[in-house]
$ cat input06.tsv   # TSV, C-alpha atoms
chain	number	residue	atom	x	y	z
Q	1	MET	CA	-110.79	102.20	181.56
Q	2	ILE	CA	-108.24	102.51	178.72
Q	3	ASN	CA	-109.27	104.55	175.70
Q	4	LYS	CA	-108.80	102.51	172.55
Q	5	LYS	CA	-107.16	103.99	169.47
Q	6	LYS	CA	-109.22	104.31	166.35
Q	7	GLY	CA	-108.39	101.74	163.71
Q	8	MET	CA	-109.47	98.75	161.69
Q	9	SER	CA	-109.97	95.22	162.91
Q	10	ILE	CA	-107.37	92.54	162.16
Q	11	LYS	CA	-109.79	90.89	159.76
Q	12	THR	CA	-110.21	94.18	157.88
Q	13	LYS	CA	-106.45	94.79	157.86
Q	14	LEU	CA	-105.81	91.33	156.43
Q	15	LEU	CA	-108.57	91.78	153.87
Q	16	TYR	CA	-107.11	95.13	152.77
Q	17	SER	CA	-103.61	93.62	152.59
Q	18	TYR	CA	-104.72	90.67	150.49
Q	19	LEU	CA	-106.98	92.94	148.42
Q	20	SER	CA	-103.97	95.13	147.63
Q	21	LEU	CA	-102.07	92.10	146.38
Q	22	ILE	CA	-105.07	90.94	144.37
Q	23	ILE	CA	-105.46	94.40	142.78
Q	24	LEU	CA	-101.76	94.40	141.94
Q	25	ILE	CA	-102.06	90.98	140.34
Q	26	VAL	CA	-105.20	92.06	138.44
Q	27	ILE	CA	-103.40	95.13	137.11
Q	28	VAL	CA	-100.47	92.99	136.03
Q	29	GLY	CA	-102.82	90.51	134.41
Q	30	ALA	CA	-104.76	93.26	132.64
Q	31	VAL	CA	-101.58	94.85	131.30
Q	32	GLY	CA	-100.27	91.44	130.27
Q	33	ILE	CA	-103.53	90.47	128.59
Q	34	TYR	CA	-103.65	93.80	126.77
Q	35	ASN	CA	-100.13	93.38	125.45
Q	36	ILE	CA	-100.70	89.73	124.60
Q	37	ARG	CA	-103.84	90.78	122.76
Q	38	SER	CA	-101.77	93.33	120.86
Q	39	VAL	CA	-99.28	90.62	119.96
Q	40	TYR	CA	-102.12	88.42	118.78
Q	41	ASN	CA	-103.67	91.20	116.71
Q	42	ASN	CA	-100.31	92.05	115.17
Q	43	GLY	CA	-99.69	88.41	114.43
Q	44	LYS	CA	-103.07	88.16	112.79
Q	45	GLU	CA	-102.35	91.32	110.86
Q	46	ILE	CA	-99.04	89.81	109.69
Q	47	TYR	CA	-100.85	86.80	108.34
Q	48	VAL	CA	-103.77	88.65	106.77
Q	49	TYR	CA	-102.00	91.70	105.36
Q	50	ASN	CA	-98.43	90.56	104.85
Q	51	LEU	CA	-97.84	86.85	104.64
Q	52	LYS	CA	-101.05	86.38	102.74
Q	53	SER	CA	-100.05	89.15	100.35
Q	54	VAL	CA	-96.73	87.41	99.81
Q	55	ASP	CA	-98.62	84.23	98.96
Q	56	TYR	CA	-100.81	86.13	96.50
Q	57	LEU	CA	-97.81	87.73	94.81
Q	58	LYS	CA	-95.89	84.45	94.65
Q	59	SER	CA	-98.93	82.75	93.09
Q	60	ILE	CA	-99.24	85.55	90.52
Q	61	SER	CA	-95.53	85.25	89.71
Q	62	GLN	CA	-95.86	81.49	89.34
Q	63	ASN	CA	-98.88	81.91	87.06
Q	64	VAL	CA	-96.95	84.37	84.87
Q	65	LYS	CA	-94.11	81.86	84.54
Q	66	GLU	CA	-96.52	79.08	83.63
Q	67	ILE	CA	-98.14	81.32	81.00
Q	68	ASP	CA	-94.69	81.98	79.60
Q	69	GLN	CA	-93.98	78.24	79.44
Q	70	CYS	CA	-97.31	77.58	77.72
Q	71	ILE	CA	-96.69	80.24	75.06
Q	72	VAL	CA	-93.14	78.94	74.49
Q	73	SER	CA	-94.55	75.42	73.99
Q	74	MET	CA	-97.14	76.73	71.57
Q	75	MET	CA	-94.48	78.62	69.54
Q	76	SER	CA	-92.25	75.54	69.32
Q	77	GLY	CA	-94.96	73.59	67.46
Q	78	LEU	CA	-93.51	70.34	68.77
Q	79	ASP	CA	-96.67	69.41	70.63
Q	80	ALA	CA	-99.46	70.60	68.34
Q	81	THR	CA	-101.95	68.13	69.78
Q	82	ASN	CA	-101.97	70.06	73.07
Q	83	HIS	CA	-102.35	73.48	71.44
Q	84	ASN	CA	-105.93	73.92	72.65
Q	85	SER	CA	-104.99	72.67	76.07
Q	86	TYR	CA	-102.25	75.32	76.33
Q	87	GLU	CA	-104.72	78.00	75.34
Q	88	GLU	CA	-107.14	76.83	78.02
Q	89	ASP	CA	-104.34	76.80	80.56
Q	90	ILE	CA	-103.31	80.32	79.62
Q	91	THR	CA	-106.92	81.55	79.90
Q	92	GLU	CA	-107.34	79.84	83.29
Q	93	LEU	CA	-104.03	81.22	84.56
Q	94	LYS	CA	-105.00	84.73	83.46
Q	95	GLN	CA	-108.36	84.43	85.25
Q	96	ASN	CA	-106.62	83.09	88.35
Q	97	ASN	CA	-104.22	86.06	88.26
Q	98	GLU	CA	-107.11	88.49	87.98
Q	99	LYS	CA	-108.74	86.90	91.00
Q	100	LEU	CA	-105.49	86.95	92.98
Q	101	MET	CA	-104.90	90.60	92.08
Q	102	GLN	CA	-108.40	91.50	93.26
Q	103	GLN	CA	-107.78	89.72	96.56
Q	104	TYR	CA	-104.40	91.43	96.91
Q	105	GLU	CA	-105.94	94.84	96.24
Q	106	ALA	CA	-108.50	94.18	98.99
Q	107	LEU	CA	-105.73	93.92	101.59
Q	108	ASN	CA	-104.75	96.82	103.87
Q	109	LEU	CA	-101.60	97.87	102.02
Q	110	THR	CA	-99.21	100.69	102.73
Q	111	ASN	CA	-98.97	103.58	100.25
Q	112	LEU	CA	-95.55	102.41	99.11
Q	113	GLU	CA	-96.89	98.88	98.52
Q	114	LYS	CA	-99.80	100.30	96.55
Q	115	ARG	CA	-97.50	102.33	94.30
Q	116	ARG	CA	-95.23	99.37	93.65
Q	117	TYR	CA	-98.23	97.15	93.00
Q	118	LYS	CA	-99.67	99.56	90.44
Q	119	GLN	CA	-96.41	99.33	88.48
Q	120	CYS	CA	-96.45	95.56	88.81
Q	121	LYS	CA	-100.11	95.37	87.75
Q	122	LEU	CA	-99.47	97.53	84.70
Q	123	SER	CA	-96.56	95.29	83.73
Q	124	ILE	CA	-98.75	92.16	84.14
Q	125	LEU	CA	-101.52	93.67	82.00
Q	126	THR	CA	-98.93	94.56	79.32
Q	127	PHE	CA	-97.57	91.01	79.57
Q	128	ASN	CA	-101.09	89.57	79.12
Q	129	LYS	CA	-101.77	91.77	76.06
Q	130	GLN	CA	-98.53	90.65	74.46
Q	131	ILE	CA	-99.36	87.02	75.26
Q	132	SER	CA	-102.79	87.49	73.64
Q	133	SER	CA	-101.12	89.07	70.57
Q	134	ILE	CA	-98.61	86.23	70.29
Q	135	GLN	CA	-101.44	83.67	70.67
Q	136	GLU	CA	-103.32	85.35	67.84
Q	137	ARG	CA	-100.27	85.20	65.49
Q	138	ILE	CA	-99.66	81.56	66.41
Q	139	ASN	CA	-103.29	80.76	65.62
Q	140	ASN	CA	-102.86	82.61	62.27
Q	141	LYS	CA	-99.84	80.42	61.48
Q	142	GLN	CA	-97.43	83.36	61.88
Q	143	SER	CA	-94.85	81.50	63.93
Q	144	ASP	CA	-91.89	83.64	62.86
Q	145	ALA	CA	-93.70	86.86	63.67
Q	146	ALA	CA	-94.84	85.41	67.00
Q	147	LEU	CA	-91.28	84.38	67.85
Q	148	LEU	CA	-89.93	87.76	66.83
Q	149	GLN	CA	-92.54	89.53	68.99
Q	150	TYR	CA	-91.70	87.20	71.87
Q	151	GLN	CA	-88.04	88.00	71.67
Q	152	GLN	CA	-88.34	91.73	71.06
Q	153	GLU	CA	-91.38	92.68	73.15
Q	154	LEU	CA	-92.39	89.92	75.56
Q	155	THR	CA	-88.94	89.05	76.85
Q	156	PRO	CA	-88.20	92.59	78.16
Q	157	ALA	CA	-91.77	92.88	79.52
Q	158	LYS	CA	-91.42	89.48	81.16
Q	159	ALA	CA	-88.14	90.46	82.80
Q	160	CYS	CA	-89.65	93.71	84.04
Q	161	THR	CA	-92.70	91.87	85.36
Q	162	TYR	CA	-90.54	89.35	87.22
Q	163	GLU	CA	-88.42	92.13	88.63
Q	164	LEU	CA	-91.44	94.11	89.82
Q	165	LEU	CA	-93.05	91.01	91.33
Q	166	GLU	CA	-89.86	90.22	93.23
Q	167	ALA	CA	-89.67	93.81	94.44
Q	168	VAL	CA	-93.26	93.72	95.71
Q	169	VAL	CA	-92.70	90.33	97.38
Q	170	GLU	CA	-89.56	91.66	99.01
Q	171	MET	CA	-91.43	94.72	100.24
Q	172	ALA	CA	-94.24	92.58	101.69
Q	173	THR	CA	-91.62	90.41	103.39
Q	174	ILE	CA	-89.97	93.52	104.87
Q	175	GLN	CA	-93.33	94.71	106.20
Q	176	ALA	CA	-93.88	91.29	107.79
Q	177	LYS	CA	-90.44	91.53	109.39
Q	178	LYS	CA	-91.33	94.94	110.80
Q	179	LYS	CA	-94.45	93.48	112.34
Q	180	ASN	CA	-92.41	90.63	113.74
Q	181	ASP	CA	-89.95	93.12	115.20
Q	182	SER	CA	-92.86	95.07	116.70
Q	183	ASN	CA	-94.25	91.87	118.20
Q	184	GLN	CA	-90.82	91.01	119.59
Q	185	HIS	CA	-90.60	94.47	121.15
Q	186	ILE	CA	-94.07	94.10	122.69
Q	187	PHE	CA	-93.19	90.61	123.88
Q	188	ASN	CA	-90.02	91.94	125.52
Q	189	ASN	CA	-92.11	94.66	127.15
Q	190	ILE	CA	-94.49	92.02	128.49
Q	191	ILE	CA	-91.61	90.02	129.91
Q	192	TRP	CA	-90.14	93.15	131.49
Q	193	ILE	CA	-93.48	94.30	132.90
Q	194	ILE	CA	-94.33	90.87	134.28
Q	195	SER	CA	-90.85	90.40	135.73
Q	196	THR	CA	-90.86	93.85	137.30
Q	197	THR	CA	-94.37	93.39	138.65
Q	198	ILE	CA	-93.51	90.00	140.09
Q	199	PHE	CA	-90.47	91.56	141.77
Q	200	ILE	CA	-92.61	94.41	143.12
Q	201	ALA	CA	-95.29	91.92	144.22
Q	202	VAL	CA	-92.69	89.83	146.05
Q	203	ILE	CA	-91.21	92.92	147.75
Q	204	THR	CA	-94.71	94.16	148.62
Q	205	ALA	CA	-95.68	90.75	149.99
Q	206	ILE	CA	-92.49	90.67	152.07
Q	207	ILE	CA	-93.14	94.18	153.42
Q	208	ILE	CA	-96.78	93.37	154.20
Q	209	THR	CA	-95.75	90.09	155.83
Q	210	LEU	CA	-93.08	91.82	157.94
Q	211	ARG	CA	-95.46	94.61	158.97
Q	212	MET	CA	-98.29	92.23	159.81
Q	213	SER	CA	-95.99	89.79	161.62
Q	214	GLY	CA	-94.42	92.72	163.51
Q	215	TYR	CA	-97.89	93.96	164.41
Q	216	PHE	CA	-99.01	90.53	165.61
Q	217	THR	CA	-95.72	89.94	167.45
Q	218	GLY	CA	-95.96	93.33	169.21
Q	219	LYS	CA	-99.50	92.65	170.40
Q	220	LEU	CA	-98.63	89.12	171.52
Q	221	LEU	CA	-95.57	90.44	173.38
Q	222	SER	CA	-97.81	92.89	175.26
Q	223	ILE	CA	-100.06	90.03	176.29
Q	224	GLN	CA	-97.00	87.92	177.16
Q	225	ARG	CA	-95.59	90.69	179.37
Q	226	LEU	CA	-98.94	90.92	181.13
Q	227	ALA	CA	-98.88	87.15	181.77
Q	228	GLU	CA	-95.30	87.40	183.08
Q	229	ARG	CA	-96.33	90.19	185.47
Q	230	PHE	CA	-99.20	88.02	186.67
Q	231	SER	CA	-96.71	85.21	187.41
Q	232	GLU	CA	-94.64	87.74	189.40
Q	233	TYR	CA	-97.70	88.85	191.45
Q	234	ASN	CA	-97.66	92.24	189.74
Q	235	MET	CA	-101.06	93.58	188.70
Q	236	SER	CA	-100.34	97.27	189.01
Q	237	ASP	CA	-99.82	98.16	185.32
Q	238	ASP	CA	-102.36	98.15	182.51
Q	239	ILE	CA	-101.76	97.49	178.81
Q	240	PHE	CA	-101.59	100.74	176.85
Q	241	GLY	CA	-101.86	101.40	173.11
Q	242	VAL	CA	-105.10	99.44	172.76
Q	243	GLU	CA	-106.41	99.63	169.19
Q	244	ASN	CA	-109.86	99.05	167.81
Q	245	ASP	CA	-109.38	95.47	166.61
Q	246	GLU	CA	-109.54	91.91	167.93
Q	247	PHE	CA	-106.24	92.33	169.75
Q	248	GLY	CA	-107.55	95.56	171.24
Q	249	GLU	CA	-110.70	93.80	172.45
Q	250	THR	CA	-108.55	91.05	174.00
Q	251	MET	CA	-106.27	93.57	175.70
Q	252	GLU	CA	-109.23	95.59	176.95
Q	253	ALA	CA	-110.74	92.38	178.36
Q	254	LEU	CA	-107.41	91.60	180.09
Q	255	ASN	CA	-107.24	95.12	181.50
Q	256	ASN	CA	-110.80	94.82	182.78
Q	257	SER	CA	-110.01	91.40	184.24
Q	258	GLN	CA	-106.92	92.83	185.94
Q	259	PHE	CA	-108.97	95.72	187.32
Q	260	LYS	CA	-111.60	93.31	188.69
Q	261	MET	CA	-108.88	91.11	190.16
Q	262	ARG	CA	-107.32	94.12	191.88
Q	263	GLU	CA	-110.68	94.95	193.40
Q	264	LEU	CA	-111.12	91.33	194.45
Q	265	LEU	CA	-107.65	91.14	195.99
Q	266	GLU	CA	-108.20	94.32	197.93
Q	267	LYS	CA	-111.51	92.95	199.16
Q	268	ILE	CA	-109.88	89.63	200.10
Q	269	ILE	CA	-107.16	91.46	202.05
Q	270	SER	CA	-109.75	93.56	203.90
Q	271	GLU	CA	-112.12	90.69	204.62
Q	272	SER	CA	-109.26	88.34	205.55
Q	273	GLY	CA	-108.20	90.88	208.19
Q	274	ASP	CA	-111.78	91.10	209.47
Q	275	ILE	CA	-112.06	87.31	209.58
Q	276	SER	CA	-108.73	87.04	211.37
Q	277	ASN	CA	-109.74	89.62	213.97
Q	278	ALA	CA	-113.17	88.06	214.42
Q	279	GLY	CA	-111.62	84.61	214.75
Q	280	ALA	CA	-109.20	85.85	217.38
Q	281	GLU	CA	-112.04	87.46	219.33
Q	282	VAL	CA	-114.16	84.31	219.08
Q	283	SER	CA	-111.24	82.14	220.16
Q	284	GLN	CA	-110.49	84.42	223.12
Q	285	ALA	CA	-114.15	84.51	224.17
Q	286	VAL	CA	-114.40	80.71	223.94
Q	287	ARG	CA	-111.28	80.31	226.03
Q	288	LYS	CA	-112.73	82.63	228.69
Q	289	SER	CA	-116.02	80.71	228.60
Q	290	ASN	CA	-114.18	77.41	229.11
Q	291	GLN	CA	-112.30	78.89	232.04
Q	292	ARG	CA	-115.56	80.09	233.54
Q	293	ILE	CA	-117.14	76.67	233.04
Q	294	GLU	CA	-114.20	75.04	234.81
Q	295	GLU	CA	-114.66	77.41	237.76
Q	296	ILE	CA	-118.39	76.57	237.86
Q	297	ASN	CA	-117.57	72.86	237.70
Q	298	VAL	CA	-115.25	73.24	240.69
Q	299	LYS	CA	-117.97	74.98	242.65
Q	300	ILE	CA	-120.50	72.34	241.60
Q	301	TYR	CA	-118.06	69.67	242.69
Q	302	ASP	CA	-117.64	71.40	246.08
Q	303	ALA	CA	-121.42	71.65	246.39
Q	304	GLY	CA	-121.68	67.92	245.64
Q	305	VAL	CA	-119.11	67.16	248.34
Q	306	MET	CA	-121.04	69.34	250.81
Q	307	THR	CA	-124.29	67.58	249.83
Q	308	GLU	CA	-122.70	64.20	250.36
Q	309	ASP	CA	-121.35	65.31	253.79
Q	310	LEU	CA	-124.82	66.54	254.69
Q	311	TYR	CA	-126.30	63.21	253.68
Q	312	LEU	CA	-123.73	61.36	255.87
Q	313	ASN	CA	-124.38	63.64	258.80
Q	314	LEU	CA	-128.13	63.13	258.53
Q	315	SER	CA	-127.59	59.36	258.31
Q	316	ASP	CA	-125.40	59.50	261.41
Q	317	ILE	CA	-128.10	61.44	263.34
Q	318	LEU	CA	-130.74	58.86	262.44
Q	319	GLU	CA	-128.52	56.00	263.50
Q	320	ASN	CA	-127.05	57.42	266.72
Q	321	ARG	CA	-129.86	59.50	268.18
Q	322	GLU	CA	-133.34	58.85	269.38
Q	323	LEU	CA	-135.76	61.15	267.66
Q	324	ASN	CA	-139.48	61.40	267.48
Q	325	ASP	CA	-141.30	60.33	264.45
Q	326	SER	CA	-141.89	63.77	262.96
Q	327	THR	CA	-138.20	64.65	263.23
Q	328	VAL	CA	-137.22	61.37	261.61
Q	329	THR	CA	-139.65	62.05	258.82
Q	330	VAL	CA	-138.20	65.51	258.22
Q	331	ILE	CA	-134.62	64.15	258.26
Q	332	ARG	CA	-135.51	61.40	255.83
Q	333	GLN	CA	-137.10	63.99	253.50
Q	334	LEU	CA	-133.91	66.08	253.74
Q	335	MET	CA	-131.82	63.02	252.93
Q	336	ASP	CA	-134.00	62.29	249.87
Q	337	GLN	CA	-133.72	65.89	248.70
Q	338	THR	CA	-129.96	65.74	249.29
Q	339	THR	CA	-129.71	62.64	247.11
Q	340	ASP	CA	-131.79	64.30	244.33
Q	341	THR	CA	-129.71	67.45	244.56
Q	342	ARG	CA	-126.48	65.47	244.27
Q	343	ALA	CA	-127.82	63.67	241.18
Q	344	ASP	CA	-128.88	66.99	239.63
Q	345	LEU	CA	-125.46	68.44	240.37
Q	346	GLU	CA	-123.75	65.50	238.67
Q	347	GLN	CA	-125.97	65.91	235.62
Q	348	VAL	CA	-125.29	69.65	235.45
Q	349	GLN	CA	-121.57	68.94	235.78
Q	350	ALA	CA	-121.74	66.47	232.90
Q	351	GLU	CA	-123.65	68.97	230.70
Q	352	LEU	CA	-121.14	71.69	231.50
Q	353	SER	CA	-118.31	69.32	230.55
Q	354	ASN	CA	-120.01	68.63	227.20
Q	355	ILE	CA	-120.46	72.37	226.64
Q	356	ALA	CA	-116.81	72.92	227.49
Q	357	MET	CA	-115.78	70.25	224.95
Q	358	TYR	CA	-118.02	71.83	222.25
Q	359	LEU	CA	-116.63	75.26	222.96
Q	360	GLU	CA	-113.11	73.84	222.76
Q	361	GLN	CA	-113.92	72.47	219.29
Q	362	VAL	CA	-115.32	75.88	218.32
Q	363	ALA	CA	-112.10	77.47	219.54
Q	364	ILE	CA	-109.98	74.99	217.58
Q	365	THR	CA	-112.07	75.62	214.45
Q	366	SER	CA	-111.82	79.36	214.96
Q	367	ASP	CA	-108.06	79.09	215.36
Q	368	HIS	CA	-107.87	77.03	212.15
Q	369	GLN	CA	-109.98	79.54	210.24
Q	370	ASN	CA	-107.88	82.30	211.65
Q	371	GLU	CA	-104.73	80.58	210.38
Q	372	ILE	CA	-106.35	80.11	206.94
Q	373	ALA	CA	-107.41	83.77	206.82
Q	374	VAL	CA	-103.93	84.92	207.82
Q	375	GLY	CA	-102.38	82.61	205.19
Q	376	HIS	CA	-104.72	83.94	202.47
Q	377	LYS	CA	-103.98	87.47	203.49
Q	378	GLN	CA	-100.25	86.82	203.33
Q	379	GLN	CA	-100.60	85.20	199.87
Q	380	VAL	CA	-102.75	88.00	198.54
Q	381	GLU	CA	-100.42	90.64	199.97
Q	382	LYS	CA	-97.73	89.27	197.62
Q	383	PHE	CA	-99.64	90.82	194.70
Q	384	LYS	CA	-98.67	94.32	193.71
Q	385	VAL	CA	-101.90	96.14	193.00

$ encode --input "input06.tsv" --output "structure tokens"
Amino acid sequence: MINKKKGMSIKTKLLYSYLSLIILIVIVGAVGIYNIRSVYNNGKEIYVYNLKSVDYLKSISQNVKEIDQCIVSMMSGLDATNHNSYEEDITELKQNNEKLMQQYEALNLTNLEKRRYKQCKLSILTFNKQISSIQERINNKQSDAALLQYQQELTPAKACTYELLEAVVEMATIQAKKKNDSNQHIFNNIIWIISTTIFIAVITAIIITLRMSGYFTGKLLSIQRLAERFSEYNMSDDIFGVENDEFGETMEALNNSQFKMRELLEKIISESGDISNAGAEVSQAVRKSNQRIEEINVKIYDAGVMTEDLYLNLSDILENRELNDSTVTVIRQLMDQTTDTRADLEQVQAELSNIAMYLEQVAITSDHQNEIAVGHKQQVEKFKV
């Protein structure tokens, strides 16, 4: 019996191999999902805290410009019928700016953005106060004073406000670009990680495939060599290196089968020799019995000839001699007994001939069986056990 090596079954080995690949893929997927999630969060952050802030600032800048246009129209006095409408527009634009500034302040801004915004907010508040002062002078019919204030006070404040708004918008745009650059970097990392992992997965799959195919091929070659030795009548060597898996069970079964076949072949060789010897003895004994039967038949034949001669002699005595009645009676009884004896001898001779024929068939059968046994022994002796 061959001791099997400790190890896993083929099914377990395959499961572990595929499980390793699955774990590798899961890790890659998890890393990829994490980075993609980071990209998504950064993209969302760009929209919420940067692009949206740019929209707020651009809307505030546009509202400031529209307020400026409304106050210029009011100072021109060319369209007095829409004076109240301009005032309503200015009030609505101011309220809209206040709302936009509140929304902008609620965003997650950097410290630098907050400092710049405070300057911008102060400039907007100053701009609004000057607008309110100019509106009041226009309403009091002080057009020259309103125009002078516009030129001397509002124009510089307006320019400063525009400049600050543009600076804040530019800063928000720069922050958005940084986020985009960060996303691009993360995206490149994802591509690199996925590409590298795919390469590693392919190499790992190739290595696993080669190892598993080499393992299967090695085991199959062992079985193939065993089959080739069987075809060459060689059953003397066992398969070694039997492991604790399905191949190991198959090889152990083949080794056990080979061991049983060796025992069977040895038994066939031994019993074939016994059969051959017994057949030869039976054949020799039958031949001797036939020879003895032939000798007995010759003697029975001689006895029949003697009986027939006796019968003729007795007949001749009855015909050629004068005898009394008692002697004739005795002779006739002897003749009858001679006739019965001759008939019995013929019957015995026929039975002995039948026995001789049967024994001859037994001898022929024994010779045939002997030839078969010798042939089987010669065939079995070809095997190397």

$ residues_around --input "input06.tsv" --residues "Lys288 in chain Q" --least-positions-apart "6" --cutoff "12 Å" --atoms "all atoms listed in the file" --output "ChimeraX atom specification"
/Q:281-282,294-295,356,359-360,363

$ write_last_selection --input "input06.tsv" --atoms "C-alpha atoms" --output "mmCIF file, in the frame of the given file"
data_model
loop_
_atom_site.group_PDB
_atom_site.id
_atom_site.type_symbol
_atom_site.label_atom_id
_atom_site.label_comp_id
_atom_site.auth_asym_id
_atom_site.auth_seq_id
_atom_site.Cartn_x
_atom_site.Cartn_y
_atom_site.Cartn_z
ATOM 1 C CA GLU Q 281 -112.040 87.460 219.330
ATOM 2 C CA VAL Q 282 -114.160 84.310 219.080
ATOM 3 C CA GLU Q 294 -114.200 75.040 234.810
ATOM 4 C CA GLU Q 295 -114.660 77.410 237.760
ATOM 5 C CA ALA Q 356 -116.810 72.920 227.490
ATOM 6 C CA LEU Q 359 -116.630 75.260 222.960
ATOM 7 C CA GLU Q 360 -113.110 73.840 222.760
ATOM 8 C CA ALA Q 363 -112.100 77.470 219.540
#

$ atom_distance --input "input06.tsv" --atom1 "CA of Tyr56 in chain Q" --atom2 "CA of Tyr150 in chain Q"
26.3 Å

$ residues_around --input "input06.tsv" --residues "range 31-34 of chain Q" --least-positions-apart "2" --cutoff "8 Å" --atoms "all atoms listed in the file" --output "number ranges by chain"
Q: 27-29, 36-38, 190, 193-194

$ closest_residue --input "input06.tsv" --among "Q:Ile186, Q:Ile300, Q:Ala106, Q:Gln152" --to "Ala350 in chain Q" --atoms "all atoms listed in the file"
Q:Ile300

$ closest_residue --input "input06.tsv" --among "Q:Leu318, Q:Leu254, Q:Leu345, Q:Ile131" --to "Arg332 in chain Q" --atoms "only C-alpha atoms"
Q:Leu318

$ axis_aligned_box --input "input06.tsv" --around "range 273-288 of chain Q" --padding-each-side "4 Å" --output "lines of an AutoDock Vina configuration file"
center_x = -111.3
center_y = 85.7
center_z = 218.4
size_x = 14.2
size_y = 18.8
size_z = 28.5

$ atom_distance --input "input06.tsv" --atom1 "CA of Met251 in chain Q" --atom2 "CA of Leu265 in chain Q"
20.5 Å

$ residues_around --input "input06.tsv" --residues "Lys158 in chain Q" --least-positions-apart "2" --cutoff "12 Å" --atoms "all atoms listed in the file" --output "PDB file with C-alpha atoms, in the frame of the given file"
ATOM      1  CA  SER Q  61     -95.530  85.250  89.710  1.00  0.00           C
ATOM      2  CA  VAL Q  64     -96.950  84.370  84.870  1.00  0.00           C
ATOM      3  CA  LYS Q  65     -94.110  81.860  84.540  1.00  0.00           C
ATOM      4  CA  GLU Q  66     -96.520  79.080  83.630  1.00  0.00           C
ATOM      5  CA  ILE Q  67     -98.140  81.320  81.000  1.00  0.00           C
ATOM      6  CA  ASP Q  68     -94.690  81.980  79.600  1.00  0.00           C
ATOM      7  CA  GLN Q  69     -93.980  78.240  79.440  1.00  0.00           C
ATOM      8  CA  CYS Q 120     -96.450  95.560  88.810  1.00  0.00           C
ATOM      9  CA  LEU Q 122     -99.470  97.530  84.700  1.00  0.00           C
ATOM     10  CA  SER Q 123     -96.560  95.290  83.730  1.00  0.00           C
ATOM     11  CA  ILE Q 124     -98.750  92.160  84.140  1.00  0.00           C
ATOM     12  CA  LEU Q 125    -101.520  93.670  82.000  1.00  0.00           C
ATOM     13  CA  THR Q 126     -98.930  94.560  79.320  1.00  0.00           C
ATOM     14  CA  PHE Q 127     -97.570  91.010  79.570  1.00  0.00           C
ATOM     15  CA  ASN Q 128    -101.090  89.570  79.120  1.00  0.00           C
ATOM     16  CA  LYS Q 129    -101.770  91.770  76.060  1.00  0.00           C
ATOM     17  CA  GLN Q 130     -98.530  90.650  74.460  1.00  0.00           C
ATOM     18  CA  ILE Q 131     -99.360  87.020  75.260  1.00  0.00           C
ATOM     19  CA  TYR Q 150     -91.700  87.200  71.870  1.00  0.00           C
ATOM     20  CA  GLN Q 151     -88.040  88.000  71.670  1.00  0.00           C
ATOM     21  CA  GLN Q 152     -88.340  91.730  71.060  1.00  0.00           C
ATOM     22  CA  GLU Q 153     -91.380  92.680  73.150  1.00  0.00           C
ATOM     23  CA  LEU Q 154     -92.390  89.920  75.560  1.00  0.00           C
ATOM     24  CA  THR Q 155     -88.940  89.050  76.850  1.00  0.00           C
ATOM     25  CA  PRO Q 156     -88.200  92.590  78.160  1.00  0.00           C
ATOM     26  CA  CYS Q 160     -89.650  93.710  84.040  1.00  0.00           C
ATOM     27  CA  THR Q 161     -92.700  91.870  85.360  1.00  0.00           C
ATOM     28  CA  TYR Q 162     -90.540  89.350  87.220  1.00  0.00           C
ATOM     29  CA  GLU Q 163     -88.420  92.130  88.630  1.00  0.00           C
ATOM     30  CA  LEU Q 164     -91.440  94.110  89.820  1.00  0.00           C
ATOM     31  CA  LEU Q 165     -93.050  91.010  91.330  1.00  0.00           C
TER      32      LEU Q 165
END

$ residues_around --input "input06.tsv" --residues "Lys114 in chain Q" --least-positions-apart "2" --cutoff "12 Å" --atoms "all atoms listed in the file" --output "PyMOL selection string"
chain Q and resi 53+101+104-112+116-121+168+171-172

$ atom_distance --input "input06.tsv" --atom1 "CA of Asp309 in chain Q" --atom2 "CA of Asn354 in chain Q"
26.8 Å

$ closest_residue --input "input06.tsv" --among "Q:Met74, Q:Ile331, Q:Glu87, Q:Ile207" --to "Leu147 in chain Q" --atoms "only C-alpha atoms"
Q:Met74

$ closest_residue --input "input06.tsv" --among "Q:Arg229, Q:Gln361, Q:Ser353, Q:Ile208" --to "Leu19 in chain Q" --atoms "all atoms listed in the file"
Q:Ile208

$ closest_residue --input "input06.tsv" --among "Q:Ser73, Q:Ser85, Q:Asn139, Q:Gln349" --to "Asn297 in chain Q" --atoms "all atoms listed in the file"
Q:Gln349

$ residues_around --input "input06.tsv" --residues "Leu310 in chain Q" --least-positions-apart "3" --cutoff "10 Å" --atoms "only C-alpha atoms" --output "PyMOL selection string"
chain Q and resi 304-307+313-316+334-335+338-339

$ write_last_selection --input "input06.tsv" --atoms "C-alpha atoms" --output "compact mmCIF listing (two decimals), in the frame of the given file"
# COMPACT_ATOMS: atom_id res chain seq x y z
CA GLY Q 304 -121.68 67.92 245.64
CA VAL Q 305 -119.11 67.16 248.34
CA MET Q 306 -121.04 69.34 250.81
CA THR Q 307 -124.29 67.58 249.83
CA ASN Q 313 -124.38 63.64 258.80
CA LEU Q 314 -128.13 63.13 258.53
CA SER Q 315 -127.59 59.36 258.31
CA ASP Q 316 -125.40 59.50 261.41
CA LEU Q 334 -133.91 66.08 253.74
CA MET Q 335 -131.82 63.02 252.93
CA THR Q 338 -129.96 65.74 249.29
CA THR Q 339 -129.71 62.64 247.11

$ closest_residue --input "input06.tsv" --among "Q:Asn96, Q:Asn370, Q:Gln103, Q:Thr173" --to "Gln284 in chain Q" --atoms "all atoms listed in the file"
Q:Asn370

$ residues_near_point --input "input06.tsv" --point "(-107.2, 84.4, 218.3)" --cutoff "10 Å" --atoms "all atoms listed in the file" --output "PyMOL selection string"
chain Q and resi 276-287+363-364+366-371
